[in-house]
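K.L.:
Below you'll find the structure I mean.
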Amino acid sequence: SFVMAIVACIFIKLPSQEFFRAHPFKDPGKVQIRESLNLGKAMKIKSFWIFFMCLFMYNGAWNMLTPLIKGLGIERGLSEATAIVCLSMTGIANALGRICMSSLSDRIGRYNTMYILCMITSVSSIALSAVTGNIYFAAVMGLAFAYGGPAAVYPALCTDLFGPKYSGRNYGFLMLGLGLSSIVFNALSNALYAASGSYMITFTVGMASALVTIVLIKLIHYRVVHVRNAQLSQMA
């Protein structure tokens, strides 16, 4: 699959600036980037680092859950076979999140889609702190679905904010937030369990990280609207 992905990437090419000029956004509520920002310029903007923290915080719950799915499932009343199926099904739920939320994003906008995903993550996380049996299975699927959703939203949002020309490099750097999140939240999960002997605090932290992401996304949205209003004022 790695070789196939590398071969496929060879044929991927972003549309030219001329294409975007010829096909402007029709929705006045969307932000139209007049200049594509390279990584150096993007890193000088506060929204870039807020976006970085969105990727870091949002994945906290999933990063803490992933190593626990099978073992915790058995503790919560699943048979070993069902726990293995639960672990295997997370890939399908993840893929469904990518497909469904990309379509929803086109209908209701990227910010609203992320708010919904954050709420799914929060509800699933707090449920995982106590539920058993089939409800545990469903909560894991919910978290896996919500984990996959941003993969269809974040790249497009990155292009919205910083332009299309350097979007590969810009988003590639932002993706470092995912790797950092995995290291930090896995270590945090182990530390919390060692201190309390329970995963309740772990999943409460997962819920809190998703709620913090809502605040961060709102900050980005606010800054985008502020810039758009400033541009409209200059054009008036």
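Residue names in the structure tokens use chain letters A, B, ... in the order shown, residue numbers from 1 in each chain, and ligand numbers from 1 in the order shown.
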Kindly assemble as a Markdown table a list of the region 131-201 of chain A residues that lie within 8 Å of region 49-60 of chain A, each paired with its nearest atom pair and their distance in Å to one decimal, using only C-alpha atoms, sorted first by chain and then by ascending residue number.
P.N.:
```
| residue | atom | partner | partner_atom | distance |
| --- | --- | --- | --- | --- |
| A:Tyr147 | CA | A:Asn59 | CA | 6.9 |
| A:Leu174 | CA | A:Phe52 | CA | 5.2 |
| A:Met175 | CA | A:Leu55 | CA | 7.1 |
| A:Gly177 | CA | A:Phe56 | CA | 4.6 |
| A:Leu178 | CA | A:Phe56 | CA | 5.4 |
| A:Leu180 | CA | A:Phe56 | CA | 6.8 |
| A:Ser181 | CA | A:Phe56 | CA | 4.8 |
| A:Ser182 | CA | A:Gly60 | CA | 7.2 |
| A:Phe185 | CA | A:Gly60 | CA | 5.7 |
```
K.L.:
Skipping near chain neighbours, those fewer than 4 positions away, what residues fall within 10 Å of Ile183 (chain A) using only C-alpha atoms, listed as an MDAnalysis selection string?
P.N.:
chainID A and resid 60 63:64 178:179 187:188
K.L.:
Now that the selection is made, can you save its residues with C-alpha atoms as an mmCIF file, in the first residue's frame?
P.N.:
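Ended up saving to again-v8.cif:
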```cif
data_model
loop_
_atom_site.group_PDB
_atom_site.id
_atom_site.type_symbol
_atom_site.label_atom_id
_atom_site.label_comp_id
_atom_site.auth_asym_id
_atom_site.auth_seq_id
_atom_site.Cartn_x
_atom_site.Cartn_y
_atom_site.Cartn_z
ATOM 1 C CA GLY A 60 -5.707 13.340 22.232
ATOM 2 C CA ASN A 63 -4.267 8.528 20.882
ATOM 3 C CA MET A 64 -5.044 7.552 24.471
ATOM 4 C CA LEU A 178 -0.438 14.693 15.179
ATOM 5 C CA GLY A 179 2.868 12.994 15.880
ATOM 6 C CA ALA A 187 2.587 9.210 27.996
ATOM 7 C CA LEU A 188 -0.124 11.188 29.779
#
```
K.L.:
Determine, counting only C-alpha atoms, which protein, DNA and RNA residues have an atom within 12 Å of an atom of region 134-145 of chain A; residues of the same chain fewer than 6 positions away are not included. Present the result as number ranges by chain.
P.N.:
A: 58-66, 68-70, 72-79, 82-101, 116-128, 151-152, 203, 206-207, 210
K.L.:
Go ahead and compute the interatomic distance for CA of Ser36 (chain A) and CA of Leu216 (chain A), in Å to one decimal.
P.N.:
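Atom-to-atom, CA of Ser36 (chain A) to CA of Leu216 (chain A), that is 22.6 Å.
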K.L.:
Please indicate the distance in Å from CA of Gly133 (chain A) to CA of Pro150 (chain A), rounded to one decimal place.
P.N.:
27.7 Å
K.L.:
Determine the nearest neighbour of Asn186 (chain A) from the options A:Pro67, A:Val224, A:Ala81, A:Met43, counting only C-alpha atoms.
P.N.:
A:Pro67
K.L.:
Just give me the gap between CA of Asn112 (chain A) and CA of Ser209 (chain A) in Å, one decimal is fine.
P.N.:
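These atoms are spaced 17.7 Å apart.
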